$ cat input.cif   # mmCIF, C-alpha atoms
data_query
#
loop_
_atom_site.group_PDB
_atom_site.id
_atom_site.type_symbol
_atom_site.label_atom_id
_atom_site.label_comp_id
_atom_site.auth_asym_id
_atom_site.auth_seq_id
_atom_site.Cartn_x
_atom_site.Cartn_y
_atom_site.Cartn_z
ATOM 1 C CA MET A 26 -16.737 -4.808 -3.962
ATOM 2 C CA ARG A 27 -13.586 -5.714 -5.864
ATOM 3 C CA ARG A 28 -11.147 -3.888 -8.152
ATOM 4 C CA GLU A 29 -8.078 -5.002 -10.067
ATOM 5 C CA ALA A 30 -5.058 -2.925 -11.037
ATOM 6 C CA TYR A 31 -1.738 -3.560 -12.723
ATOM 7 C CA SER A 32 1.782 -2.196 -12.415
ATOM 8 C CA PRO A 33 4.675 -3.004 -14.708
ATOM 9 C CA ALA A 34 7.833 -4.359 -13.171
ATOM 10 C CA HIS A 35 10.810 -2.010 -13.318
ATOM 11 C CA VAL A 36 14.553 -2.591 -13.494
ATOM 12 C CA THR A 37 16.937 0.159 -12.384
ATOM 13 C CA GLY A 38 20.401 0.211 -13.930
ATOM 14 C CA PHE A 39 22.035 2.921 -11.807
ATOM 15 C CA PHE A 40 20.895 5.369 -9.162
ATOM 16 C CA SER A 41 21.794 7.755 -6.371
ATOM 17 C CA ILE A 42 20.016 8.071 -3.027
ATOM 18 C CA TYR A 43 18.417 11.279 -1.741
ATOM 19 C CA GLU A 44 17.098 11.363 1.815
ATOM 20 C CA ALA A 45 14.895 14.049 3.339
ATOM 21 C CA ASN A 46 12.843 14.412 6.502
ATOM 22 C CA ASP A 47 9.735 14.168 4.331
ATOM 23 C CA PRO A 48 9.209 10.634 2.907
ATOM 24 C CA PHE A 49 7.433 12.121 -0.108
ATOM 25 C CA ARG A 50 10.618 14.020 -1.035
ATOM 26 C CA THR A 51 12.987 11.171 -0.209
ATOM 27 C CA GLY A 52 13.822 9.108 -3.267
ATOM 28 C CA SER A 53 16.435 8.528 -5.914
ATOM 29 C CA ILE A 54 17.643 9.732 -9.256
ATOM 30 C CA GLY A 55 18.703 7.173 -11.831
ATOM 31 C CA ALA A 56 17.690 5.360 -14.989
ATOM 32 C CA GLY A 57 15.830 2.170 -15.778
ATOM 33 C CA ILE A 58 13.126 0.532 -17.832
ATOM 34 C CA CYS A 59 9.636 -0.887 -17.262
ATOM 35 C CA ILE A 60 8.635 -4.298 -18.591
ATOM 36 C CA SER A 61 5.210 -5.742 -19.303
ATOM 37 C CA LYS A 62 5.547 -8.547 -16.776
ATOM 38 C CA GLY A 63 4.756 -7.184 -13.341
ATOM 39 C CA VAL A 64 2.162 -7.131 -10.569
ATOM 40 C CA TYR A 65 -1.593 -7.728 -10.845
ATOM 41 C CA THR A 66 -3.467 -6.749 -7.705
ATOM 42 C CA SER A 67 -7.059 -7.544 -6.736
ATOM 43 C CA VAL A 68 -8.642 -5.819 -3.733
ATOM 44 C CA ASP A 69 -11.881 -6.762 -1.967
ATOM 45 C CA ILE A 70 -13.397 -4.632 0.812
ATOM 46 C CA ARG A 71 -16.378 -5.360 3.043
ATOM 47 C CA PRO A 72 -17.866 -3.405 5.969
ATOM 48 C CA SER A 73 -16.639 -4.701 9.307
ATOM 49 C CA SER A 74 -16.833 -3.902 13.025
ATOM 50 C CA ARG A 75 -13.091 -3.244 12.967
ATOM 51 C CA ASN A 76 -10.361 -2.817 10.376
ATOM 52 C CA ARG A 77 -8.719 -6.066 9.323
ATOM 53 C CA ILE A 78 -6.146 -6.610 6.580
ATOM 54 C CA PHE A 79 -5.205 -9.836 4.808
ATOM 55 C CA ILE A 80 -2.612 -9.803 2.026
ATOM 56 C CA TYR A 81 -1.733 -12.722 -0.230
ATOM 57 C CA ILE A 82 1.283 -12.867 -2.527
ATOM 58 C CA ASN A 83 0.936 -15.527 -5.219
ATOM 59 C CA ASP A 84 -1.823 -17.163 -3.106
ATOM 60 C CA GLU A 85 0.188 -17.291 0.127
ATOM 61 C CA LEU A 86 -0.690 -15.166 3.164
ATOM 62 C CA ASP A 87 2.131 -12.663 3.704
ATOM 63 C CA PRO A 88 2.759 -9.760 6.129
ATOM 64 C CA ALA A 89 3.716 -7.615 3.078
ATOM 65 C CA PRO A 90 4.609 -4.533 5.187
ATOM 66 C CA THR A 91 4.774 -2.109 2.254
ATOM 67 C CA SER A 92 1.337 -3.073 0.975
ATOM 68 C CA ALA A 93 -0.042 -3.130 4.528
ATOM 69 C CA THR A 94 1.189 0.457 4.976
ATOM 70 C CA VAL A 95 -0.775 1.495 1.874
ATOM 71 C CA VAL A 96 -3.974 -0.061 3.236
ATOM 72 C CA ARG A 97 -3.537 1.526 6.681
ATOM 73 C CA TYR A 98 -2.949 4.937 5.063
ATOM 74 C CA TYR A 99 -6.334 4.728 3.338
ATOM 75 C CA LEU A 100 -8.174 3.348 6.356
ATOM 76 C CA LYS A 101 -6.947 6.270 8.466
ATOM 77 C CA SER A 102 -8.444 8.656 5.889
ATOM 78 C CA ILE A 103 -12.026 7.390 6.269
ATOM 79 C CA ARG A 104 -14.504 6.832 9.102
ATOM 80 C CA GLU A 105 -15.822 3.456 8.025
ATOM 81 C CA LYS A 106 -14.254 0.169 9.120
ATOM 82 C CA TYR A 107 -13.440 -2.513 6.557
ATOM 83 C CA LEU A 108 -12.231 -6.038 6.119
ATOM 84 C CA VAL A 109 -9.650 -5.628 3.339
ATOM 85 C CA LYS A 110 -8.345 -8.561 1.329
ATOM 86 C CA VAL A 111 -5.512 -8.051 -1.138
ATOM 87 C CA TRP A 112 -4.195 -10.535 -3.696
ATOM 88 C CA HIS A 113 -0.912 -9.754 -5.459
ATOM 89 C CA HIS A 114 -0.067 -11.945 -8.433
ATOM 90 C CA ILE A 115 3.588 -11.329 -9.307
ATOM 91 C CA ASP A 116 4.982 -12.857 -12.494
ATOM 92 C CA VAL A 117 8.634 -11.842 -11.986
ATOM 93 C CA PRO A 118 11.026 -12.967 -9.204
ATOM 94 C CA ILE A 119 10.626 -11.216 -5.845
ATOM 95 C CA GLY A 120 13.680 -9.592 -4.261
ATOM 96 C CA ALA A 121 15.487 -9.737 -7.584
ATOM 97 C CA GLY A 122 15.572 -6.099 -8.709
ATOM 98 C CA PHE A 123 12.198 -6.004 -10.489
ATOM 99 C CA GLY A 124 10.521 -3.433 -8.227
ATOM 100 C CA THR A 125 7.812 -5.807 -7.028
ATOM 101 C CA SER A 126 7.169 -4.113 -3.679
ATOM 102 C CA GLY A 127 6.713 -0.779 -5.447
ATOM 103 C CA GLY A 128 4.537 -2.362 -8.109
ATOM 104 C CA GLY A 129 2.439 -4.053 -5.462
ATOM 105 C CA ALA A 130 2.051 -0.823 -3.503
ATOM 106 C CA LEU A 131 1.162 1.230 -6.590
ATOM 107 C CA SER A 132 -1.369 -1.191 -8.086
ATOM 108 C CA LEU A 133 -2.915 -1.671 -4.635
ATOM 109 C CA SER A 134 -3.161 2.072 -4.091
ATOM 110 C CA TYR A 135 -4.943 2.535 -7.427
ATOM 111 C CA ALA A 136 -7.396 -0.324 -6.803
ATOM 112 C CA LEU A 137 -8.195 0.657 -3.213
ATOM 113 C CA ASN A 138 -8.589 4.329 -4.106
ATOM 114 C CA ASP A 139 -11.063 3.373 -6.845
ATOM 115 C CA LEU A 140 -13.040 1.158 -4.468
ATOM 116 C CA LEU A 141 -13.322 3.960 -1.914
ATOM 117 C CA GLY A 142 -14.707 6.420 -4.459
ATOM 118 C CA GLU A 143 -11.463 8.066 -5.571
ATOM 119 C CA ILE A 144 -10.817 9.924 -2.334
ATOM 120 C CA TYR A 145 -7.415 10.813 -3.779
ATOM 121 C CA SER A 146 -6.274 11.825 -7.264
ATOM 122 C CA ARG A 147 -4.242 9.387 -9.391
ATOM 123 C CA MET A 148 -1.128 11.393 -8.542
ATOM 124 C CA GLU A 149 -1.876 11.287 -4.812
ATOM 125 C CA ALA A 150 -2.481 7.527 -5.010
ATOM 126 C CA GLY A 151 1.009 7.230 -6.504
ATOM 127 C CA GLN A 152 2.415 9.382 -3.710
ATOM 128 C CA ILE A 153 0.893 7.084 -1.078
ATOM 129 C CA ALA A 154 2.584 4.083 -2.693
ATOM 130 C CA HIS A 155 5.915 5.936 -2.738
ATOM 131 C CA TYR A 156 5.477 6.862 0.933
ATOM 132 C CA ALA A 157 4.900 3.189 1.825
ATOM 133 C CA GLU A 158 8.076 2.130 -0.018
ATOM 134 C CA VAL A 159 10.227 4.757 1.671
ATOM 135 C CA VAL A 160 9.064 4.183 5.248
ATOM 136 C CA ASN A 161 9.542 0.420 4.836
ATOM 137 C CA ARG A 162 12.942 0.890 3.123
ATOM 138 C CA THR A 163 11.933 -1.390 0.245
ATOM 139 C CA GLY A 164 12.599 1.149 -2.518
ATOM 140 C CA LEU A 165 13.209 4.772 -3.417
ATOM 141 C CA GLY A 166 12.546 5.490 -7.091
ATOM 142 C CA THR A 167 10.551 2.464 -8.196
ATOM 143 C CA VAL A 168 7.061 3.914 -7.781
ATOM 144 C CA ILE A 169 7.638 7.055 -9.821
ATOM 145 C CA ALA A 170 9.220 4.957 -12.584
ATOM 146 C CA GLU A 171 6.308 2.500 -12.634
ATOM 147 C CA PHE A 172 3.889 5.422 -12.513
ATOM 148 C CA HIS A 173 5.273 6.659 -15.860
ATOM 149 C CA GLY A 174 6.428 3.454 -17.602
ATOM 150 C CA GLY A 175 8.919 3.074 -20.451
ATOM 151 C CA LEU A 176 12.616 3.906 -20.557
ATOM 152 C CA GLU A 177 13.156 6.725 -18.098
ATOM 153 C CA VAL A 178 15.704 8.758 -16.222
ATOM 154 C CA ARG A 179 14.724 10.188 -12.863
ATOM 155 C CA VAL A 180 16.383 13.589 -12.650
ATOM 156 C CA GLU A 181 14.788 14.850 -9.416
ATOM 157 C CA PRO A 182 13.968 12.610 -6.430
ATOM 158 C CA GLY A 183 10.605 12.114 -4.802
ATOM 159 C CA ALA A 184 7.115 10.735 -5.249
ATOM 160 C CA PRO A 185 5.025 11.191 -8.414
ATOM 161 C CA GLY A 186 4.259 14.889 -8.823
ATOM 162 C CA ILE A 187 7.305 15.816 -6.717
ATOM 163 C CA GLY A 188 10.167 13.994 -8.413
ATOM 164 C CA ARG A 189 10.819 14.571 -12.128
ATOM 165 C CA VAL A 190 11.145 11.947 -14.849
ATOM 166 C CA ILE A 191 12.244 12.206 -18.485
ATOM 167 C CA LYS A 192 10.984 9.407 -20.769
ATOM 168 C CA TYR A 193 12.670 8.267 -23.957
ATOM 169 C CA PRO A 194 11.117 6.260 -26.818
ATOM 170 C CA VAL A 195 11.975 2.581 -27.152
ATOM 171 C CA PRO A 196 11.977 0.840 -30.559
ATOM 172 C CA LYS A 197 9.042 -1.579 -30.753
ATOM 173 C CA ASP A 198 11.280 -4.480 -31.797
ATOM 174 C CA LYS A 199 13.252 -4.473 -28.519
ATOM 175 C CA VAL A 200 12.719 -7.231 -25.943
ATOM 176 C CA PHE A 201 13.934 -7.578 -22.355
ATOM 177 C CA VAL A 202 15.718 -10.803 -21.355
ATOM 178 C CA ALA A 203 17.021 -11.545 -17.844
ATOM 179 C CA ILE A 204 18.343 -14.412 -15.775
ATOM 180 C CA ASN A 205 17.948 -14.379 -12.006
ATOM 181 C CA PHE A 206 20.230 -16.207 -9.558
ATOM 182 C CA GLY A 207 18.542 -15.265 -6.285
ATOM 183 C CA LYS A 208 17.532 -12.459 -3.956
ATOM 184 C CA ILE A 209 19.135 -9.305 -2.603
ATOM 185 C CA PHE A 210 17.037 -7.522 0.000
ATOM 186 C CA THR A 211 16.888 -3.805 -0.792
ATOM 187 C CA LYS A 212 16.465 -2.972 2.894
ATOM 188 C CA THR A 213 19.866 -4.571 3.638
ATOM 189 C CA ILE A 214 21.622 -2.479 0.977
ATOM 190 C CA LEU A 215 19.901 0.771 1.931
ATOM 191 C CA SER A 216 20.962 0.245 5.558
ATOM 192 C CA ASN A 217 24.665 -0.294 4.712
ATOM 193 C CA LYS A 218 26.519 3.028 5.094
ATOM 194 C CA VAL A 219 29.586 1.982 3.077
ATOM 195 C CA ILE A 220 27.580 0.811 0.075
ATOM 196 C CA LYS A 221 25.279 3.834 0.283
ATOM 197 C CA LYS A 222 28.282 6.161 0.093
ATOM 198 C CA ARG A 223 29.617 4.400 -3.019
ATOM 199 C CA ILE A 224 26.194 4.668 -4.662
ATOM 200 C CA MET A 225 25.817 8.357 -3.808
ATOM 201 C CA ASP A 226 29.380 9.163 -4.946
ATOM 202 C CA ARG A 227 28.766 7.714 -8.414
ATOM 203 C CA GLY A 228 25.056 7.798 -9.181
ATOM 204 C CA SER A 229 24.749 11.446 -10.195
ATOM 205 C CA LYS A 230 27.667 11.108 -12.638
ATOM 206 C CA PHE A 231 25.957 8.227 -14.422
ATOM 207 C CA VAL A 232 22.679 10.144 -14.702
ATOM 208 C CA LEU A 233 24.508 12.993 -16.460
ATOM 209 C CA LEU A 234 26.360 10.582 -18.760
ATOM 210 C CA PHE A 235 23.098 8.904 -19.743
ATOM 211 C CA GLN A 236 21.360 12.211 -20.493
ATOM 212 C CA ARG A 237 24.143 13.123 -22.928
ATOM 213 C CA GLU A 238 23.401 9.997 -24.951
ATOM 214 C CA PRO A 239 20.087 8.403 -23.923
ATOM 215 C CA SER A 240 19.720 4.991 -25.550
ATOM 216 C CA ILE A 241 19.110 1.342 -24.714
ATOM 217 C CA GLU A 242 22.768 0.522 -25.421
ATOM 218 C CA ASN A 243 24.025 3.315 -23.178
ATOM 219 C CA LEU A 244 21.666 2.258 -20.377
ATOM 220 C CA LEU A 245 23.218 -1.216 -20.449
ATOM 221 C CA ILE A 246 26.838 -0.037 -20.689
ATOM 222 C CA LEU A 247 26.523 2.550 -17.921
ATOM 223 C CA SER A 248 24.559 0.179 -15.695
ATOM 224 C CA ARG A 249 27.276 -2.447 -15.928
ATOM 225 C CA ARG A 250 29.961 0.125 -15.118
ATOM 226 C CA PHE A 251 27.934 1.346 -12.147
ATOM 227 C CA ALA A 252 27.572 -2.185 -10.744
ATOM 228 C CA TYR A 253 31.344 -2.757 -11.021
ATOM 229 C CA GLU A 254 32.340 0.616 -9.550
ATOM 230 C CA THR A 255 30.005 0.364 -6.554
ATOM 231 C CA GLY A 256 31.012 -3.222 -5.778
ATOM 232 C CA LEU A 257 27.391 -4.364 -6.014
ATOM 233 C CA MET A 258 28.155 -6.946 -8.702
ATOM 234 C CA ASN A 259 28.851 -10.302 -7.063
ATOM 235 C CA ASP A 260 30.763 -13.190 -8.660
ATOM 236 C CA ILE A 261 27.824 -15.045 -10.171
ATOM 237 C CA VAL A 262 26.422 -11.879 -11.763
ATOM 238 C CA ALA A 263 29.896 -10.902 -13.012
ATOM 239 C CA ASP A 264 30.418 -14.366 -14.559
ATOM 240 C CA ALA A 265 27.051 -14.259 -16.332
ATOM 241 C CA SER A 266 27.783 -10.752 -17.596
ATOM 242 C CA GLU A 267 31.141 -11.822 -19.001
ATOM 243 C CA PHE A 268 29.471 -14.837 -20.618
ATOM 244 C CA LEU A 269 26.990 -12.603 -22.486
ATOM 245 C CA ILE A 270 29.732 -10.159 -23.507
ATOM 246 C CA ARG A 271 31.749 -13.017 -25.035
ATOM 247 C CA HIS A 272 28.738 -13.882 -27.172
ATOM 248 C CA GLY A 273 28.179 -10.326 -28.383
ATOM 249 C CA TYR A 274 25.473 -9.037 -26.024
ATOM 250 C CA GLU A 275 25.455 -6.020 -23.692
ATOM 251 C CA PRO A 276 24.512 -7.170 -20.151
ATOM 252 C CA ALA A 277 23.791 -5.205 -16.983
ATOM 253 C CA MET A 278 22.850 -5.913 -13.373
ATOM 254 C CA ALA A 279 19.399 -5.099 -12.000
ATOM 255 C CA MET A 280 19.468 -2.848 -8.942
ATOM 256 C CA LEU A 281 19.098 -4.467 -6.521
ATOM 257 C CA GLY A 282 19.085 -8.169 -7.304
ATOM 258 C CA LYS A 283 21.189 -11.106 -8.427
ATOM 259 C CA THR A 284 19.812 -10.542 -11.906
ATOM 260 C CA VAL A 285 21.618 -10.047 -15.212
ATOM 261 C CA PHE A 286 19.571 -8.466 -17.986
ATOM 262 C CA THR A 287 19.975 -7.405 -21.567
ATOM 263 C CA ILE A 288 17.728 -5.858 -24.209
ATOM 264 C CA VAL A 289 17.821 -7.399 -27.671
ATOM 265 C CA ASP A 290 16.065 -7.297 -31.026
ATOM 266 C CA ILE A 291 12.957 -9.483 -31.180
ATOM 267 C CA GLY A 292 14.639 -11.759 -33.725
ATOM 268 C CA GLU A 293 17.435 -12.576 -31.233
ATOM 269 C CA ILE A 294 15.208 -13.894 -28.421
ATOM 270 C CA ASN A 295 15.482 -17.602 -29.262
ATOM 271 C CA GLU A 296 19.245 -17.359 -29.657
ATOM 272 C CA VAL A 297 19.754 -15.611 -26.304
ATOM 273 C CA VAL A 298 17.403 -17.945 -24.430
ATOM 274 C CA LYS A 299 19.074 -21.020 -25.925
ATOM 275 C CA LEU A 300 22.492 -19.607 -25.040
ATOM 276 C CA LEU A 301 21.579 -18.964 -21.394
ATOM 277 C CA ARG A 302 19.884 -22.333 -20.946
ATOM 278 C CA SER A 303 22.826 -24.180 -22.460
ATOM 279 C CA GLU A 304 25.174 -22.512 -19.955
ATOM 280 C CA TYR A 305 23.021 -22.396 -16.802
ATOM 281 C CA GLY A 306 20.353 -25.077 -17.291
ATOM 282 C CA ASP A 307 16.864 -24.646 -15.864
ATOM 283 C CA THR A 308 17.803 -23.758 -12.263
ATOM 284 C CA PRO A 309 18.045 -19.950 -12.559
ATOM 285 C CA ARG A 310 14.818 -18.211 -13.533
ATOM 286 C CA LEU A 311 14.710 -16.824 -17.058
ATOM 287 C CA ILE A 312 12.484 -13.815 -17.795
ATOM 288 C CA VAL A 313 11.505 -12.647 -21.268
ATOM 289 C CA SER A 314 9.195 -9.640 -21.604
ATOM 290 C CA ARG A 315 8.118 -6.794 -23.829
ATOM 291 C CA ILE A 316 8.960 -3.236 -22.794
ATOM 292 C CA GLU A 317 5.979 -1.541 -21.112
ATOM 293 C CA GLU A 318 5.544 2.042 -22.350
ATOM 294 C CA ARG A 319 2.499 2.747 -20.153
ATOM 295 C CA GLY A 320 2.567 3.033 -16.400
ATOM 296 C CA ALA A 321 0.416 1.413 -13.720
ATOM 297 C CA ARG A 322 -3.351 1.490 -14.222
ATOM 298 C CA ILE A 323 -6.774 0.231 -13.156
ATOM 299 C CA LEU A 324 -7.962 -2.812 -15.113
ATOM 300 C CA SER A 325 -11.597 -2.868 -16.171
#
$ encode --input "input.cif" --output "structure tokens"
Amino acid sequence: MRREAYSPAHVTGFFSIYEANDPFRTGSIGAGICISKGVYTSVDIRPSSRNRIFIYINDELDPAPTSATVVRYYLKSIREKYLVKVWHHIDVPIGAGFGTSGGGALSLSYALNDLLGEIYSRMEAGQIAHYAEVVNRTGLGTVIAEFHGGLEVRVEPGAPGIGRVIKYPVPKDKVFVAINFGKIFTKTILSNKVIKKRIMDRGSKFVLLFQREPSIENLLILSRRFAYETGLMNDIVADASEFLIRHGYEPAMAMLGKTVFTIVDIGEINEVVKLLRSEYGDTPRLIVSRIEERGARILS
């Protein structure tokens, strides 16, 4: 018994944190965009004398606490015992601001729910993934963004069906390009009181500014301002941003990762890629992807 599901990756440009006693209502507001590269999850379940969980990320056994929380949530909802094996294939950098833990949790929740006979609705499956992210402090607004797909602004915090998202159309000729210089662990940022205060002081303002003029260009400009004002932009990300600005491109920083991204016309891809490789060589990881208008889903 096996199912496969997919979730787009998601990059947040700016956000503000909202905490509540209820994990389903804890979350963030903010804006970002989903890309076609993301997380493919396969799940296999077999009857067993006791519940056992094995999770592999890109073929390596991993504790994957957020995904493990999703599996345990389902196993507590049923009487039967299962051996559960999960394989996440992730084709973007992990810990780099691409929402991989949320994408893994959401695609896993969809696949496992389908295997168990749809004991929850699609919305509830999304809520379980959000719950797992929040309790493990690996994300706040990623799941609801990946649930919807596209260019979005989250205007009310919470899980799918609780939080509120507004989507905006993206021209079909736009392509996402990013360069990643390493990891930032979301849990570390979300546990830092000083940084959290800066984020919460500024995030709501940027959401309002974006809603006045929602566009790809404004997402990039506001995201870069947010990274500077909160102090989240480190030297290497700042240098790469300035490099792209000098060559006529609008860069921004992915929240939360050492990743600089831009969104360009399809005809500019080769030029941007050549530019970045000439400056940084092959050591940083370069990501080129279409924009993903649809959200996470079961794959037939």
$ closest_residue --input "input.cif" --among "A:Arg75, A:Arg227, A:His113, A:Arg27" --to "Leu100 of chain A" --atoms "only C-alpha atoms"
A:Arg75
$ closest_residue --input "input.cif" --among "A:Asp47, A:Ala136, A:Tyr99, A:Lys106" --to "Asp69 of chain A" --atoms "all atoms listed in the file"
A:Ala136
$ closest_residue --input "input.cif" --among "A:Val285, A:Ser67, A:Tyr98, A:Phe39" --to "Glu254 of chain A" --atoms "only C-alpha atoms"
A:Phe39
$ resolve_selection --input "input.cif" --expression "the PyMOL selection byres ((chain A and resi 292-300) around 10)" --output "mmCIF file with C-alpha atoms, in the coordinates of the input"
data_model
loop_
_atom_site.group_PDB
_atom_site.id
_atom_site.type_symbol
_atom_site.label_atom_id
_atom_site.label_comp_id
_atom_site.auth_asym_id
_atom_site.auth_seq_id
_atom_site.Cartn_x
_atom_site.Cartn_y
_atom_site.Cartn_z
ATOM 1 C CA ASP A 198 11.280 -4.480 -31.797
ATOM 2 C CA LYS A 199 13.252 -4.473 -28.519
ATOM 3 C CA VAL A 200 12.719 -7.231 -25.943
ATOM 4 C CA PHE A 201 13.934 -7.578 -22.355
ATOM 5 C CA VAL A 202 15.718 -10.803 -21.355
ATOM 6 C CA ALA A 203 17.021 -11.545 -17.844
ATOM 7 C CA ILE A 204 18.343 -14.412 -15.775
ATOM 8 C CA PHE A 268 29.471 -14.837 -20.618
ATOM 9 C CA LEU A 269 26.990 -12.603 -22.486
ATOM 10 C CA HIS A 272 28.738 -13.882 -27.172
ATOM 11 C CA TYR A 274 25.473 -9.037 -26.024
ATOM 12 C CA THR A 287 19.975 -7.405 -21.567
ATOM 13 C CA ILE A 288 17.728 -5.858 -24.209
ATOM 14 C CA VAL A 289 17.821 -7.399 -27.671
ATOM 15 C CA ASP A 290 16.065 -7.297 -31.026
ATOM 16 C CA ILE A 291 12.957 -9.483 -31.180
ATOM 17 C CA LEU A 301 21.579 -18.964 -21.394
ATOM 18 C CA ARG A 302 19.884 -22.333 -20.946
ATOM 19 C CA SER A 303 22.826 -24.180 -22.460
ATOM 20 C CA GLU A 304 25.174 -22.512 -19.955
ATOM 21 C CA TYR A 305 23.021 -22.396 -16.802
ATOM 22 C CA GLY A 306 20.353 -25.077 -17.291
ATOM 23 C CA LEU A 311 14.710 -16.824 -17.058
ATOM 24 C CA ILE A 312 12.484 -13.815 -17.795
ATOM 25 C CA VAL A 313 11.505 -12.647 -21.268
#
$ closest_residue --input "input.cif" --among "A:Val159, A:Ile153, A:Ala121, A:Ile191" --to "Met280 of chain A" --atoms "only C-alpha atoms"
A:Ala121
$ residues_around --input "input.cif" --residues "Ala154 of chain A" --least-positions-apart "4" --cutoff "8 Å" --atoms "all atoms listed in the file" --output "JSON, numbers by chain"
{"A": [95, 127, 130, 131, 134, 150, 158, 168]}
$ atom_distance --input "input.cif" --atom1 "atom CA of Leu233 of chain A" --atom2 "atom CA of Arg249 of chain A"
15.7 Å
$ atom_distance --input "input.cif" --atom1 "atom CA of Ser240 of chain A" --atom2 "atom CA of Tyr193 of chain A"
7.9 Å
$ atom_distance --input "input.cif" --atom1 "atom CA of Glu267 of chain A" --atom2 "atom CA of Val232 of chain A"
23.9 Å
$ residues_around --input "input.cif" --residues "segment 50-66 of chain A" --least-positions-apart "2" --cutoff "6 Å" --atoms "all atoms listed in the file" --output "PyMOL selection string"
chain A and resi 29-45+47-48+112-116+128-129+132-133+165-166+174-183+232+315-317
$ write_last_selection --input "input.cif" --atoms "C-alpha atoms" --output "PDB file, keeping the file's coordinate frame"
ATOM      1  CA  GLU A  29      -8.078  -5.002 -10.067  1.00  0.00           C
ATOM      2  CA  ALA A  30      -5.058  -2.925 -11.037  1.00  0.00           C
ATOM      3  CA  TYR A  31      -1.738  -3.560 -12.723  1.00  0.00           C
ATOM      4  CA  SER A  32       1.782  -2.196 -12.415  1.00  0.00           C
ATOM      5  CA  PRO A  33       4.675  -3.004 -14.708  1.00  0.00           C
ATOM      6  CA  ALA A  34       7.833  -4.359 -13.171  1.00  0.00           C
ATOM      7  CA  HIS A  35      10.810  -2.010 -13.318  1.00  0.00           C
ATOM      8  CA  VAL A  36      14.553  -2.591 -13.494  1.00  0.00           C
ATOM      9  CA  THR A  37      16.937   0.159 -12.384  1.00  0.00           C
ATOM     10  CA  GLY A  38      20.401   0.211 -13.930  1.00  0.00           C
ATOM     11  CA  PHE A  39      22.035   2.921 -11.807  1.00  0.00           C
ATOM     12  CA  PHE A  40      20.895   5.369  -9.162  1.00  0.00           C
ATOM     13  CA  SER A  41      21.794   7.755  -6.371  1.00  0.00           C
ATOM     14  CA  ILE A  42      20.016   8.071  -3.027  1.00  0.00           C
ATOM     15  CA  TYR A  43      18.417  11.279  -1.741  1.00  0.00           C
ATOM     16  CA  GLU A  44      17.098  11.363   1.815  1.00  0.00           C
ATOM     17  CA  ALA A  45      14.895  14.049   3.339  1.00  0.00           C
ATOM     18  CA  ASP A  47       9.735  14.168   4.331  1.00  0.00           C
ATOM     19  CA  PRO A  48       9.209  10.634   2.907  1.00  0.00           C
ATOM     20  CA  TRP A 112      -4.195 -10.535  -3.696  1.00  0.00           C
ATOM     21  CA  HIS A 113      -0.912  -9.754  -5.459  1.00  0.00           C
ATOM     22  CA  HIS A 114      -0.067 -11.945  -8.433  1.00  0.00           C
ATOM     23  CA  ILE A 115       3.588 -11.329  -9.307  1.00  0.00           C
ATOM     24  CA  ASP A 116       4.982 -12.857 -12.494  1.00  0.00           C
ATOM     25  CA  GLY A 128       4.537  -2.362  -8.109  1.00  0.00           C
ATOM     26  CA  GLY A 129       2.439  -4.053  -5.462  1.00  0.00           C
ATOM     27  CA  SER A 132      -1.369  -1.191  -8.086  1.00  0.00           C
ATOM     28  CA  LEU A 133      -2.915  -1.671  -4.635  1.00  0.00           C
ATOM     29  CA  LEU A 165      13.209   4.772  -3.417  1.00  0.00           C
ATOM     30  CA  GLY A 166      12.546   5.490  -7.091  1.00  0.00           C
ATOM     31  CA  GLY A 174       6.428   3.454 -17.602  1.00  0.00           C
ATOM     32  CA  GLY A 175       8.919   3.074 -20.451  1.00  0.00           C
ATOM     33  CA  LEU A 176      12.616   3.906 -20.557  1.00  0.00           C
ATOM     34  CA  GLU A 177      13.156   6.725 -18.098  1.00  0.00           C
ATOM     35  CA  VAL A 178      15.704   8.758 -16.222  1.00  0.00           C
ATOM     36  CA  ARG A 179      14.724  10.188 -12.863  1.00  0.00           C
ATOM     37  CA  VAL A 180      16.383  13.589 -12.650  1.00  0.00           C
ATOM     38  CA  GLU A 181      14.788  14.850  -9.416  1.00  0.00           C
ATOM     39  CA  PRO A 182      13.968  12.610  -6.430  1.00  0.00           C
ATOM     40  CA  GLY A 183      10.605  12.114  -4.802  1.00  0.00           C
ATOM     41  CA  VAL A 232      22.679  10.144 -14.702  1.00  0.00           C
ATOM     42  CA  ARG A 315       8.118  -6.794 -23.829  1.00  0.00           C
ATOM     43  CA  ILE A 316       8.960  -3.236 -22.794  1.00  0.00           C
ATOM     44  CA  GLU A 317       5.979  -1.541 -21.112  1.00  0.00           C
TER      45      GLU A 317
END
$ closest_residue --input "input.cif" --among "A:Gly164, A:Gly124, A:Gly186, A:Gly282" --to "Glu149 of chain A" --atoms "all atoms listed in the file"
A:Gly186
$ closest_residue --input "input.cif" --among "A:Ala89, A:Asn243, A:Ile323, A:Glu318" --to "Glu171 of chain A" --atoms "all atoms listed in the file"
A:Glu318
$ resolve_selection --input "input.cif" --expression "the PyMOL selection byres ((chain A and resi 76) around 10)" --output "JSON, numbers by chain"
{"A": [71, 72, 73, 74, 75, 77, 78, 96, 97, 100, 101, 105, 106, 107, 108, 109]}
$ write_last_selection --input "input.cif" --atoms "C-alpha atoms" --output "short mmCIF file (atom, residue, chain, number, x, y, z; two decimals), in the frame of the given file"
data_model
loop_
_atom_site.label_atom_id
_atom_site.label_comp_id
_atom_site.auth_asym_id
_atom_site.auth_seq_id
_atom_site.Cartn_x
_atom_site.Cartn_y
_atom_site.Cartn_z
CA ARG A 71 -16.38 -5.36 3.04
CA PRO A 72 -17.87 -3.40 5.97
CA SER A 73 -16.64 -4.70 9.31
CA SER A 74 -16.83 -3.90 13.02
CA ARG A 75 -13.09 -3.24 12.97
CA ARG A 77 -8.72 -6.07 9.32
CA ILE A 78 -6.15 -6.61 6.58
CA VAL A 96 -3.97 -0.06 3.24
CA ARG A 97 -3.54 1.53 6.68
CA LEU A 100 -8.17 3.35 6.36
CA LYS A 101 -6.95 6.27 8.47
CA GLU A 105 -15.82 3.46 8.02
CA LYS A 106 -14.25 0.17 9.12
CA TYR A 107 -13.44 -2.51 6.56
CA LEU A 108 -12.23 -6.04 6.12
CA VAL A 109 -9.65 -5.63 3.34
#
